[in-house]
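Raw start09.cif, mmCIF, C-alpha atoms, pLDDT in the B column; chains and numbers go by the auth columns:
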```cif
data_data
#
loop_
_atom_site.group_PDB
_atom_site.id
_atom_site.type_symbol
_atom_site.label_atom_id
_atom_site.label_comp_id
_atom_site.label_asym_id
_atom_site.label_seq_id
_atom_site.Cartn_x
_atom_site.Cartn_y
_atom_site.Cartn_z
_atom_site.B_iso_or_equiv
_atom_site.auth_seq_id
_atom_site.auth_asym_id
ATOM 1 C CA MET A 1 42.852 53.070 29.614 47.00 1 A
ATOM 2 C CA ALA A 2 40.515 50.490 31.094 47.00 2 A
ATOM 3 C CA THR A 3 40.060 47.305 29.170 45.00 3 A
ATOM 4 C CA SER A 4 36.609 45.988 28.542 44.00 4 A
ATOM 5 C CA GLU A 5 35.472 42.682 29.945 45.00 5 A
ATOM 6 C CA PRO A 6 34.702 39.799 27.561 43.00 6 A
ATOM 7 C CA LYS A 7 31.070 39.903 26.501 46.00 7 A
ATOM 8 C CA VAL A 8 30.060 36.569 27.942 44.00 8 A
ATOM 9 C CA ALA A 9 26.419 37.403 27.477 45.00 9 A
ATOM 10 C CA ASP A 10 26.910 37.629 23.696 50.00 10 A
ATOM 11 C CA THR A 11 28.439 34.199 23.659 46.00 11 A
ATOM 12 C CA GLU A 12 25.541 32.821 25.635 47.00 12 A
ATOM 13 C CA ASP A 13 23.129 34.509 23.253 49.00 13 A
ATOM 14 C CA GLN A 14 24.885 32.931 20.304 48.00 14 A
ATOM 15 C CA GLN A 15 24.732 29.525 21.939 48.00 15 A
ATOM 16 C CA SER A 16 21.063 29.942 22.695 48.00 16 A
ATOM 17 C CA GLU A 17 20.417 30.795 19.063 53.00 17 A
ATOM 18 C CA SER A 18 22.196 27.701 17.735 51.00 18 A
ATOM 19 C CA PRO A 19 19.987 25.231 15.856 53.00 19 A
ATOM 20 C CA ALA A 20 18.025 22.855 18.002 55.00 20 A
ATOM 21 C CA VAL A 21 19.007 19.216 17.910 56.00 21 A
ATOM 22 C CA VAL A 22 16.808 17.434 15.380 53.00 22 A
ATOM 23 C CA ASN A 23 15.239 14.128 16.257 57.00 23 A
ATOM 24 C CA PRO A 24 17.048 11.528 14.090 55.00 24 A
ATOM 25 C CA GLU A 25 13.647 9.980 13.317 53.00 25 A
ATOM 26 C CA GLN A 26 12.918 13.065 11.207 56.00 26 A
ATOM 27 C CA TYR A 27 15.657 12.486 8.651 62.00 27 A
ATOM 28 C CA ILE A 28 16.583 8.803 8.877 77.00 28 A
ATOM 29 C CA LYS A 29 14.587 6.774 6.393 78.00 29 A
ATOM 30 C CA HIS A 30 12.327 4.139 7.854 76.00 30 A
ATOM 31 C CA PRO A 31 12.785 0.697 6.248 81.00 31 A
ATOM 32 C CA LEU A 32 9.916 -1.542 5.237 80.00 32 A
ATOM 33 C CA GLN A 33 9.951 -5.272 5.907 81.00 33 A
ATOM 34 C CA ASN A 34 10.011 -5.943 2.170 84.00 34 A
ATOM 35 C CA ARG A 35 11.062 -4.248 -1.041 89.00 35 A
ATOM 36 C CA TRP A 36 8.069 -3.407 -3.231 90.00 36 A
ATOM 37 C CA ALA A 37 7.416 -2.618 -6.878 93.00 37 A
ATOM 38 C CA LEU A 38 4.611 -0.469 -8.279 93.00 38 A
ATOM 39 C CA TRP A 39 3.348 -1.424 -11.733 96.00 39 A
ATOM 40 C CA TYR A 40 1.036 0.404 -14.134 97.00 40 A
ATOM 41 C CA PHE A 41 -1.088 -1.211 -16.819 97.00 41 A
ATOM 42 C CA LYS A 42 -2.172 1.074 -19.644 94.00 42 A
ATOM 43 C CA ASN A 43 -5.155 0.041 -21.727 90.00 43 A
ATOM 44 C CA ASP A 44 -3.616 0.408 -25.185 93.00 44 A
ATOM 45 C CA LYS A 45 -5.418 -2.002 -27.496 91.00 45 A
ATOM 46 C CA SER A 46 -2.669 -1.710 -30.109 93.00 46 A
ATOM 47 C CA LYS A 47 -0.247 -3.468 -27.757 94.00 47 A
ATOM 48 C CA SER A 48 -0.152 -6.878 -26.111 94.00 48 A
ATOM 49 C CA TRP A 49 -0.973 -7.348 -22.421 92.00 49 A
ATOM 50 C CA THR A 50 2.722 -7.722 -21.553 92.00 50 A
ATOM 51 C CA GLU A 51 3.660 -4.600 -23.515 94.00 51 A
ATOM 52 C CA ASN A 52 1.008 -2.610 -21.667 96.00 52 A
ATOM 53 C CA LEU A 53 2.438 -3.570 -18.255 96.00 53 A
ATOM 54 C CA ARG A 54 5.095 -1.113 -17.110 96.00 54 A
ATOM 55 C CA LEU A 55 7.210 -0.991 -13.942 97.00 55 A
ATOM 56 C CA ILE A 56 6.972 2.479 -12.397 96.00 56 A
ATOM 57 C CA SER A 57 9.357 2.239 -9.454 95.00 57 A
ATOM 58 C CA LYS A 58 10.681 0.132 -6.584 94.00 58 A
ATOM 59 C CA PHE A 59 11.035 1.217 -2.964 88.00 59 A
ATOM 60 C CA ASP A 60 11.879 -0.190 0.453 86.00 60 A
ATOM 61 C CA THR A 61 11.367 2.740 2.850 83.00 61 A
ATOM 62 C CA VAL A 62 8.315 4.665 4.037 78.00 62 A
ATOM 63 C CA GLU A 63 9.751 7.912 2.696 80.00 63 A
ATOM 64 C CA ASP A 64 10.434 6.546 -0.783 85.00 64 A
ATOM 65 C CA PHE A 65 6.932 5.138 -0.964 84.00 65 A
ATOM 66 C CA TRP A 66 5.385 8.445 0.102 81.00 66 A
ATOM 67 C CA ALA A 67 7.432 10.386 -2.441 84.00 67 A
ATOM 68 C CA LEU A 68 6.206 8.019 -5.149 86.00 68 A
ATOM 69 C CA TYR A 69 2.601 8.041 -3.963 84.00 69 A
ATOM 70 C CA ASN A 70 2.484 11.836 -3.999 83.00 70 A
ATOM 71 C CA HIS A 71 3.652 11.997 -7.632 89.00 71 A
ATOM 72 C CA ILE A 72 1.284 9.560 -9.304 89.00 72 A
ATOM 73 C CA GLN A 73 -2.359 9.900 -10.200 92.00 73 A
ATOM 74 C CA GLN A 74 -4.922 8.524 -7.793 91.00 74 A
ATOM 75 C CA PRO A 75 -6.791 5.451 -9.079 93.00 75 A
ATOM 76 C CA SER A 76 -9.986 7.491 -9.500 93.00 76 A
ATOM 77 C CA LYS A 77 -8.171 9.624 -12.117 94.00 77 A
ATOM 78 C CA LEU A 78 -7.019 6.702 -14.272 94.00 78 A
ATOM 79 C CA GLY A 79 -8.661 5.839 -17.568 94.00 79 A
ATOM 80 C CA PHE A 80 -10.960 2.858 -17.945 95.00 80 A
ATOM 81 C CA GLY A 81 -9.066 -0.388 -18.385 96.00 81 A
ATOM 82 C CA CYS A 82 -6.001 0.819 -16.460 96.00 82 A
ATOM 83 C CA ASP A 83 -4.540 -0.810 -13.338 96.00 83 A
ATOM 84 C CA TYR A 84 -2.093 -0.175 -10.533 95.00 84 A
ATOM 85 C CA SER A 85 -0.376 -3.216 -9.032 95.00 85 A
ATOM 86 C CA LEU A 86 1.770 -3.170 -5.896 91.00 86 A
ATOM 87 C CA PHE A 87 3.733 -6.403 -5.438 92.00 87 A
ATOM 88 C CA LYS A 88 6.686 -7.615 -3.451 92.00 88 A
ATOM 89 C CA ASP A 89 9.859 -7.215 -5.468 94.00 89 A
ATOM 90 C CA GLY A 90 10.480 -10.279 -7.591 96.00 90 A
ATOM 91 C CA ILE A 91 6.773 -11.094 -8.067 96.00 91 A
ATOM 92 C CA LYS A 92 5.141 -9.911 -11.285 96.00 92 A
ATOM 93 C CA PRO A 93 1.444 -8.970 -11.196 96.00 93 A
ATOM 94 C CA MET A 94 0.289 -11.864 -13.346 95.00 94 A
ATOM 95 C CA TRP A 95 -1.253 -15.271 -12.700 92.00 95 A
ATOM 96 C CA GLU A 96 1.624 -17.082 -14.376 93.00 96 A
ATOM 97 C CA ASP A 97 4.275 -15.905 -11.915 95.00 97 A
ATOM 98 C CA ASP A 98 5.621 -18.776 -9.807 95.00 98 A
ATOM 99 C CA ARG A 99 4.540 -17.068 -6.576 95.00 99 A
ATOM 100 C CA ASN A 100 1.014 -16.436 -7.873 96.00 100 A
ATOM 101 C CA LYS A 101 0.041 -19.444 -9.967 94.00 101 A
ATOM 102 C CA LEU A 102 -1.114 -21.574 -7.015 96.00 102 A
ATOM 103 C CA GLY A 103 -2.775 -18.668 -5.262 96.00 103 A
ATOM 104 C CA GLY A 104 -5.804 -16.455 -5.512 96.00 104 A
ATOM 105 C CA ARG A 105 -7.211 -13.097 -4.460 96.00 105 A
ATOM 106 C CA TRP A 106 -9.601 -11.417 -2.076 96.00 106 A
ATOM 107 C CA LEU A 107 -11.739 -9.346 -4.423 95.00 107 A
ATOM 108 C CA MET A 108 -13.861 -6.302 -3.695 93.00 108 A
ATOM 109 C CA THR A 109 -16.007 -4.773 -6.429 93.00 109 A
ATOM 110 C CA LEU A 110 -17.112 -1.157 -6.112 93.00 110 A
ATOM 111 C CA THR A 111 -20.126 0.545 -7.643 91.00 111 A
ATOM 112 C CA LYS A 112 -19.760 3.394 -10.122 90.00 112 A
ATOM 113 C CA GLN A 113 -20.717 5.860 -7.383 89.00 113 A
ATOM 114 C CA GLN A 114 -17.919 4.611 -5.137 92.00 114 A
ATOM 115 C CA ARG A 115 -15.217 5.647 -7.614 91.00 115 A
ATOM 116 C CA HIS A 116 -15.329 9.225 -6.375 89.00 116 A
ATOM 117 C CA ASN A 117 -16.198 8.496 -2.744 87.00 117 A
ATOM 118 C CA ASP A 118 -14.298 5.363 -1.739 91.00 118 A
ATOM 119 C CA LEU A 119 -11.893 4.091 -4.401 93.00 119 A
ATOM 120 C CA ASP A 120 -8.798 6.140 -3.483 91.00 120 A
ATOM 121 C CA ARG A 121 -9.307 5.646 0.248 88.00 121 A
ATOM 122 C CA TYR A 122 -9.824 1.903 -0.075 90.00 122 A
ATOM 123 C CA TRP A 123 -6.707 1.605 -2.237 90.00 123 A
ATOM 124 C CA MET A 124 -4.617 3.533 0.295 86.00 124 A
ATOM 125 C CA GLU A 125 -5.887 1.314 3.111 84.00 125 A
ATOM 126 C CA THR A 126 -5.085 -1.782 1.046 87.00 126 A
ATOM 127 C CA VAL A 127 -1.549 -0.551 0.394 85.00 127 A
ATOM 128 C CA SER A 128 -0.878 0.427 4.000 79.00 128 A
ATOM 129 C CA LEU A 129 -1.905 -3.023 5.218 80.00 129 A
ATOM 130 C CA GLN A 130 0.897 -4.545 3.166 80.00 130 A
ATOM 131 C CA LEU A 131 3.795 -2.141 3.719 75.00 131 A
ATOM 132 C CA HIS A 132 5.127 -3.437 6.997 63.00 132 A
ATOM 133 C CA TYR A 133 7.237 -0.768 8.670 52.00 133 A
ATOM 134 C CA ARG A 134 10.070 -2.129 10.817 55.00 134 A
ATOM 135 C CA CYS A 135 8.906 -0.309 13.933 48.00 135 A
ATOM 136 C CA LEU A 136 11.648 -0.842 16.492 44.00 136 A
ATOM 137 C CA ASN A 137 10.174 1.582 18.999 43.00 137 A
ATOM 138 C CA ALA A 138 6.413 1.781 19.307 38.00 138 A
ATOM 139 C CA THR A 139 6.385 5.006 21.325 36.00 139 A
ATOM 140 C CA PRO A 140 5.092 8.106 19.506 37.00 140 A
ATOM 141 C CA LEU A 141 7.879 9.833 17.593 37.00 141 A
ATOM 142 C CA LEU A 142 6.579 13.384 17.920 34.00 142 A
ATOM 143 C CA ASP A 143 3.306 15.268 18.010 37.00 143 A
ATOM 144 C CA VAL A 144 1.882 13.616 14.924 35.00 144 A
ATOM 145 C CA SER A 145 -1.039 16.033 14.624 39.00 145 A
ATOM 146 C CA GLU A 146 1.370 18.949 14.178 40.00 146 A
ATOM 147 C CA LEU A 147 3.711 17.073 11.869 37.00 147 A
ATOM 148 C CA CYS A 148 0.929 16.081 9.502 43.00 148 A
ATOM 149 C CA ASP A 149 0.130 19.733 8.801 44.00 149 A
ATOM 150 C CA SER A 150 3.696 20.465 7.730 43.00 150 A
ATOM 151 C CA CYS A 151 4.824 17.312 5.945 46.00 151 A
ATOM 152 C CA GLY A 152 1.921 16.393 3.710 47.00 152 A
ATOM 153 C CA GLY A 153 0.939 13.321 5.712 49.00 153 A
ATOM 154 C CA LEU A 154 4.233 11.388 5.792 50.00 154 A
ATOM 155 C CA TRP A 155 4.328 11.077 9.555 47.00 155 A
ATOM 156 C CA CYS A 156 0.669 10.098 9.706 50.00 156 A
ATOM 157 C CA LEU A 157 1.511 7.317 7.273 53.00 157 A
ATOM 158 C CA LEU A 158 4.567 6.358 9.316 48.00 158 A
ATOM 159 C CA GLN A 159 2.509 6.012 12.479 45.00 159 A
ATOM 160 C CA LEU A 160 -0.156 4.129 10.548 44.00 160 A
ATOM 161 C CA LEU A 161 2.378 1.651 9.193 50.00 161 A
ATOM 162 C CA CYS A 162 3.918 1.273 12.627 42.00 162 A
ATOM 163 C CA LEU A 163 0.572 0.417 14.159 36.00 163 A
ATOM 164 C CA VAL A 164 -0.547 -2.005 11.457 36.00 164 A
ATOM 165 C CA GLY A 165 2.912 -3.352 10.637 42.00 165 A
ATOM 166 C CA GLU A 166 1.944 -6.838 11.678 41.00 166 A
ATOM 167 C CA SER A 167 -1.744 -6.648 10.803 60.00 167 A
ATOM 168 C CA PHE A 168 -1.755 -9.965 8.992 70.00 168 A
ATOM 169 C CA ASP A 169 0.556 -11.568 11.582 69.00 169 A
ATOM 170 C CA GLU A 170 2.127 -14.761 10.224 75.00 170 A
ATOM 171 C CA ALA A 171 -0.212 -14.630 7.230 81.00 171 A
ATOM 172 C CA SER A 172 1.789 -11.668 5.906 81.00 172 A
ATOM 173 C CA ASP A 173 4.210 -14.072 4.237 85.00 173 A
ATOM 174 C CA ASP A 174 1.349 -15.337 2.069 90.00 174 A
ATOM 175 C CA VAL A 175 0.587 -11.869 0.683 90.00 175 A
ATOM 176 C CA CYS A 176 2.027 -11.318 -2.802 93.00 176 A
ATOM 177 C CA GLY A 177 0.567 -7.931 -3.630 90.00 177 A
ATOM 178 C CA SER A 178 -2.554 -5.993 -4.528 92.00 178 A
ATOM 179 C CA VAL A 179 -4.253 -4.655 -7.644 94.00 179 A
ATOM 180 C CA VAL A 180 -6.735 -1.891 -8.386 94.00 180 A
ATOM 181 C CA ASN A 181 -8.635 -2.211 -11.677 96.00 181 A
ATOM 182 C CA VAL A 182 -10.485 0.823 -13.050 95.00 182 A
ATOM 183 C CA ARG A 183 -13.430 -0.411 -15.105 95.00 183 A
ATOM 184 C CA PRO A 184 -16.567 1.155 -16.667 94.00 184 A
ATOM 185 C CA LYS A 185 -18.998 -1.199 -14.893 91.00 185 A
ATOM 186 C CA GLY A 186 -17.320 -0.947 -11.500 93.00 186 A
ATOM 187 C CA ASP A 187 -13.786 -0.735 -10.143 95.00 187 A
ATOM 188 C CA LYS A 188 -12.088 -3.625 -8.345 96.00 188 A
ATOM 189 C CA ILE A 189 -9.479 -3.887 -5.595 94.00 189 A
ATOM 190 C CA SER A 190 -7.853 -7.190 -4.703 94.00 190 A
ATOM 191 C CA ILE A 191 -5.202 -8.661 -2.419 92.00 191 A
ATOM 192 C CA TRP A 192 -3.314 -11.583 -3.951 95.00 192 A
ATOM 193 C CA THR A 193 -1.962 -14.494 -1.915 94.00 193 A
ATOM 194 C CA SER A 194 0.412 -17.292 -2.837 95.00 194 A
ATOM 195 C CA ASN A 195 -1.505 -20.452 -1.899 95.00 195 A
ATOM 196 C CA CYS A 196 -5.251 -20.812 -2.316 96.00 196 A
ATOM 197 C CA GLN A 197 -5.210 -23.948 -0.118 95.00 197 A
ATOM 198 C CA ASN A 198 -3.811 -22.151 2.926 95.00 198 A
ATOM 199 C CA ARG A 199 -7.245 -21.526 4.399 95.00 199 A
ATOM 200 C CA GLU A 200 -6.078 -20.268 7.797 94.00 200 A
ATOM 201 C CA ALA A 201 -3.872 -17.554 6.315 93.00 201 A
ATOM 202 C CA ILE A 202 -6.464 -16.596 3.703 94.00 202 A
ATOM 203 C CA MET A 203 -9.253 -16.189 6.261 95.00 203 A
ATOM 204 C CA THR A 204 -7.000 -14.158 8.558 91.00 204 A
ATOM 205 C CA ILE A 205 -6.174 -11.792 5.705 91.00 205 A
ATOM 206 C CA GLY A 206 -9.797 -11.509 4.567 92.00 206 A
ATOM 207 C CA GLN A 207 -11.242 -10.828 8.006 91.00 207 A
ATOM 208 C CA LEU A 208 -8.643 -8.208 8.884 87.00 208 A
ATOM 209 C CA TYR A 209 -8.987 -6.609 5.459 88.00 209 A
ATOM 210 C CA LYS A 210 -12.745 -6.273 5.858 90.00 210 A
ATOM 211 C CA GLU A 211 -12.347 -4.821 9.352 87.00 211 A
ATOM 212 C CA ARG A 212 -9.725 -2.326 8.174 82.00 212 A
ATOM 213 C CA LEU A 213 -11.974 -1.023 5.391 85.00 213 A
ATOM 214 C CA LYS A 214 -14.832 -0.762 7.904 87.00 214 A
ATOM 215 C CA LEU A 215 -17.166 -2.616 5.569 87.00 215 A
ATOM 216 C CA PRO A 216 -20.681 -3.352 6.873 87.00 216 A
ATOM 217 C CA MET A 217 -21.244 -6.827 8.272 86.00 217 A
ATOM 218 C CA LYS A 218 -23.704 -7.609 5.480 87.00 218 A
ATOM 219 C CA ALA A 219 -21.182 -6.609 2.792 87.00 219 A
ATOM 220 C CA MET A 220 -19.457 -9.784 1.647 90.00 220 A
ATOM 221 C CA ILE A 221 -16.083 -10.069 -0.053 94.00 221 A
ATOM 222 C CA GLY A 222 -14.977 -13.311 -1.666 95.00 222 A
ATOM 223 C CA TYR A 223 -11.734 -15.147 -2.323 97.00 223 A
ATOM 224 C CA GLN A 224 -11.186 -16.717 -5.745 95.00 224 A
ATOM 225 C CA SER A 225 -8.368 -18.920 -6.955 95.00 225 A
ATOM 226 C CA HIS A 226 -6.444 -17.680 -9.992 94.00 226 A
ATOM 227 C CA ASP A 227 -6.963 -21.052 -11.618 91.00 227 A
ATOM 228 C CA ASP A 228 -10.762 -20.703 -11.384 89.00 228 A
ATOM 229 C CA THR A 229 -10.627 -17.097 -12.585 86.00 229 A
ATOM 230 C CA SER A 230 -8.476 -17.902 -15.617 82.00 230 A
ATOM 231 C CA SER A 231 -10.614 -20.880 -16.653 81.00 231 A
ATOM 232 C CA LYS A 232 -14.089 -19.485 -15.933 73.00 232 A
ATOM 233 C CA SER A 233 -16.690 -19.944 -18.665 58.00 233 A
ATOM 234 C CA GLY A 234 -19.073 -17.196 -17.538 57.00 234 A
ATOM 235 C CA SER A 235 -18.773 -13.645 -16.254 63.00 235 A
ATOM 236 C CA THR A 236 -18.353 -14.613 -12.603 74.00 236 A
ATOM 237 C CA THR A 237 -16.007 -16.851 -10.632 79.00 237 A
ATOM 238 C CA LYS A 238 -17.092 -19.044 -7.726 87.00 238 A
ATOM 239 C CA ASN A 239 -15.754 -17.976 -4.345 92.00 239 A
ATOM 240 C CA MET A 240 -13.630 -20.480 -2.438 94.00 240 A
ATOM 241 C CA TYR A 241 -13.985 -18.482 0.782 95.00 241 A
ATOM 242 C CA SER A 242 -15.937 -15.433 1.881 93.00 242 A
ATOM 243 C CA VAL A 243 -16.165 -13.070 4.853 93.00 243 A
#
```
Kindly return the structure encoded in the file as C-alpha cells.
Amino acid sequence: MATSEPKVADTEDQQSESPAVVNPEQYIKHPLQNRWALWYFKNDKSKSWTENLRLISKFDTVEDFWALYNHIQQPSKLGFGCDYSLFKDGIKPMWEDDRNKLGGRWLMTLTKQQRHNDLDRYWMETVSLQLHYRCLNATPLLDVSELCDSCGGLWCLLQLLCLVGESFDEASDDVCGSVVNVRPKGDKISIWTSNCQNREAIMTIGQLYKERLKLPMKAMIGYQSHDDTSSKSGSTTKNMYSV
C-alpha cells in the first residue's frame, strides 16, 4: 500500500497562521524623566487644610499615568473648592515645602464659561508639558492615527510626550508641579517653580506655556511669588513677571 507524503503545505499554513511578532514598544512601559504624585484636595470645611489634602497615586511611566488619568474625574466635574495637584515625587503641593517656599507660580484664571469649554483641555496640556518621556528614538513608533482609535489615546499621548519631552529645556529642573483650582468665580491653573528669582527659567516656562495653550497675544498670564501670595492684603497679588 502506498504511503502518503508528509503534508508540508499544512505545516506552512500553520506557520503562516502563527501570531505576528509584536513591536516591543507596544507592551514595554515608557519611563518618564521623573516620578510624579497626583494629589486631591477636597473642600470639607469640617477638616483642616492638611486633612483635606490626599495623595491619590504615584507613577513614573506614560502607561501608569494614562491608566490613572482615565479613572479620575476631569477637573470640570469637581466640586467648587476642590483641587488637583501634580507634583514631582517628594514635593508636597504647599507653599511651605522646601522646594516651593522660595518659588512662585505662573497663574491663569479662566472665566465661568471656560469651565466647560477649556478647563479640561488646558489642564491636560499643562500636565503633558511636565511629564517628560524618555524618548530614546524619535522616529514614529507605529501608525498613530490607527492606534489612537483602539487604545483610548495612549499612543497619542506617548507621541505628544515624546515631542514635547524637553519643552522647557534646562528650565524643566525649576518646575515643581502644577495645580488646578475649581472655584465659583473662575477656575485657575498654575505651574509652580522653585525659585522666583530665576528670571531666565521663569520666562522660558511662561512663554512656552502660553504658546502651548495657544493663548491670544493680548491674553496675559502673570507670575507671582508664593511669598507675595501668602502675605497679600487684598484680593489680588502683584505679578513679578508676565507674558
Selected by the PyMOL selection byres ((chain A and resi 113) around 12) in the shown coordinates: which residues, as a compact mmCIF listing (two decimals) with C-alpha atoms, keeping the file's coordinate frame?
```txt
# COMPACT_ATOMS: atom_id res chain seq x y z
CA SER A 76 -9.99 7.49 -9.50
CA THR A 109 -16.01 -4.77 -6.43
CA LEU A 110 -17.11 -1.16 -6.11
CA THR A 111 -20.13 0.55 -7.64
CA LYS A 112 -19.76 3.39 -10.12
CA GLN A 114 -17.92 4.61 -5.14
CA ARG A 115 -15.22 5.65 -7.61
CA HIS A 116 -15.33 9.22 -6.38
CA ASN A 117 -16.20 8.50 -2.74
CA ASP A 118 -14.30 5.36 -1.74
CA LEU A 119 -11.89 4.09 -4.40
CA PRO A 184 -16.57 1.16 -16.67
CA LYS A 185 -19.00 -1.20 -14.89
CA GLY A 186 -17.32 -0.95 -11.50
CA ASP A 187 -13.79 -0.74 -10.14
```
TODO: Would you kindly translate the PyMOL selection byres ((chain A and resi 196-202) around 10) into the concrete residues it picks from this file, as a PyMOL selection string?
DONE: chain A and resi 100-106+168-175+192-195+203-207+223-227+240-242
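Taking all atoms listed in the file, the non-local environment of segment 210-217 of chain A within 9 Å (same-chain residues fewer than 2 positions away omitted) comprises A:Arg121, A:Tyr122, A:Glu125, A:Thr126, A:Leu129, A:Ile205, A:Gly206, A:Gln207, A:Leu208, A:Ala219, A:Met220, A:Ile221, A:Val243.
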- [ ] Would you write out, as a list in words, every residue that the PyMOL selection byres ((chain A and resi 93) around 9) captures in this file?
- [x]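 Evaluating the PyMOL selection byres ((chain A and resi 93) around 9) on these coordinates yields Trp39, Leu53, Ser85, Leu86, Phe87, Ile91, Lys92, Met94, Trp95, Glu96, Asp97, Asn100, Cys176, Gly177, Ser178 and Val179 of chain A.
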Task: Atomic separation - atom CA of Trp123 of chain A relative to atom CA of Lys42 of chain A, Å - done: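 Computing it gives 18.0 Å between the two atoms.
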Task: Counting all atoms listed in the file, the option among A:Thr237, A:Leu55, A:Arg35, A:Lys29 closest to Ala67 of chain A - done: A:Lys29
Task: atom CA of Ser48 of chain A to atom CA of Ile191 of chain A, straight-line distance in Å - done: 24.3 Å
Task: Residue with smallest distance to Leu68 of chain A - pool A:Thr50, A:Ala37, A:Lys218, A:Asp83, counting all atoms listed in the file - done: A:Ala37
- [ ] Quick one: pull the distance between atom CA of Trp36 of chain A and atom CA of Asp89 of chain A, Å, one decimal.
- [x]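 Atom-to-atom, atom CA of Trp36 of chain A to atom CA of Asp89 of chain A, that is 4.8 Å.
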- [ ] Have a look at A:Gly90, A:Gly222, A:Pro75, A:Gly81 and name the one nearest to Asn239 of chain A; count all atoms listed in the file.
- [x] A:Gly222
Open item on the list: Can you pull out the residues contacting Val180 of chain A? Cut-off 6 Å, using only C-alpha atoms, and skip same-chain residues under 2 positions away; I want them as a list in words.
Closed with: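 Returned residues: Asp83, Tyr84, Lys188 and Ile189 of chain A.
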Open item on the list: Is it possible to get the residues within 8 Å of (14.6, 0.6, 6.5) (coordinates as in the file, counting all atoms listed in the file) written as JSON, numbers by chain?
Closed with: {"A": [29, 30, 31, 32, 33, 60, 61, 62, 133, 134]}
Open item on the list: Please determine, counting all atoms listed in the file, which residue among A:Lys238, A:Lys232, A:Asn34, A:Ser190 has the shortest atom-to-atom distance to Leu107 of chain A.
Closed with: A:Ser190
Mind working out the centre and edge lengths of an axis-aligned box for segment 68-78 of chain A, all listed atoms inside, 8 Å added to each side, rounded to one decimal in Å and written as lines of an AutoDock Vina configuration file?
```
center_x = -1.9
center_y = 8.7
center_z = -9.1
size_x = 32.2
size_y = 22.5
size_z = 26.3
```
TODO: Between A:Ser231, A:Ser57, A:Trp49, A:Tyr69, single out the one closest to Val127 of chain A, counting all atoms listed in the file.
DONE: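 Looking at the shortest contact to Val127 of chain A, the residue is A:Tyr69.
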Completed segment 223-237 of chain A (N, CA and C atoms) as a short mmCIF file (atom, residue, chain, number, x, y, z; two decimals), in the frame of the given file:
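out.cif written:
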```cif
data_model
loop_
_atom_site.label_atom_id
_atom_site.label_comp_id
_atom_site.auth_asym_id
_atom_site.auth_seq_id
_atom_site.Cartn_x
_atom_site.Cartn_y
_atom_site.Cartn_z
N TYR A 223 -13.08 -14.74 -1.90
CA TYR A 223 -11.73 -15.15 -2.32
C TYR A 223 -11.87 -16.13 -3.47
N GLN A 224 -11.14 -15.88 -4.55
CA GLN A 224 -11.19 -16.72 -5.74
C GLN A 224 -9.78 -17.19 -6.11
N SER A 225 -9.67 -18.43 -6.52
CA SER A 225 -8.37 -18.92 -6.96
C SER A 225 -8.08 -18.39 -8.36
N HIS A 226 -6.81 -18.16 -8.65
CA HIS A 226 -6.44 -17.68 -9.99
C HIS A 226 -6.78 -18.72 -11.05
N ASP A 227 -6.68 -19.99 -10.67
CA ASP A 227 -6.96 -21.05 -11.62
C ASP A 227 -8.43 -21.00 -12.05
N ASP A 228 -9.33 -20.80 -11.07
CA ASP A 228 -10.76 -20.70 -11.38
C ASP A 228 -11.06 -19.45 -12.21
N THR A 229 -10.39 -18.35 -11.87
CA THR A 229 -10.63 -17.10 -12.58
C THR A 229 -10.18 -17.20 -14.04
N SER A 230 -9.02 -17.83 -14.26
CA SER A 230 -8.48 -17.90 -15.62
C SER A 230 -9.23 -18.89 -16.50
N SER A 231 -9.92 -19.85 -15.87
CA SER A 231 -10.61 -20.88 -16.65
C SER A 231 -12.13 -20.75 -16.61
N LYS A 232 -12.64 -19.65 -16.06
CA LYS A 232 -14.09 -19.48 -15.93
C LYS A 232 -14.74 -19.43 -17.31
N SER A 233 -15.96 -19.94 -17.40
CA SER A 233 -16.69 -19.94 -18.66
C SER A 233 -17.70 -18.81 -18.75
N GLY A 234 -18.11 -18.29 -17.57
CA GLY A 234 -19.07 -17.20 -17.54
C GLY A 234 -18.43 -15.89 -17.10
N SER A 235 -19.27 -14.96 -16.65
CA SER A 235 -18.77 -13.64 -16.25
C SER A 235 -18.35 -13.59 -14.80
N THR A 236 -18.70 -14.61 -14.03
CA THR A 236 -18.35 -14.61 -12.60
C THR A 236 -17.53 -15.85 -12.26
N THR A 237 -16.83 -15.75 -11.14
CA THR A 237 -16.01 -16.85 -10.63
C THR A 237 -16.54 -17.26 -9.26
#
```
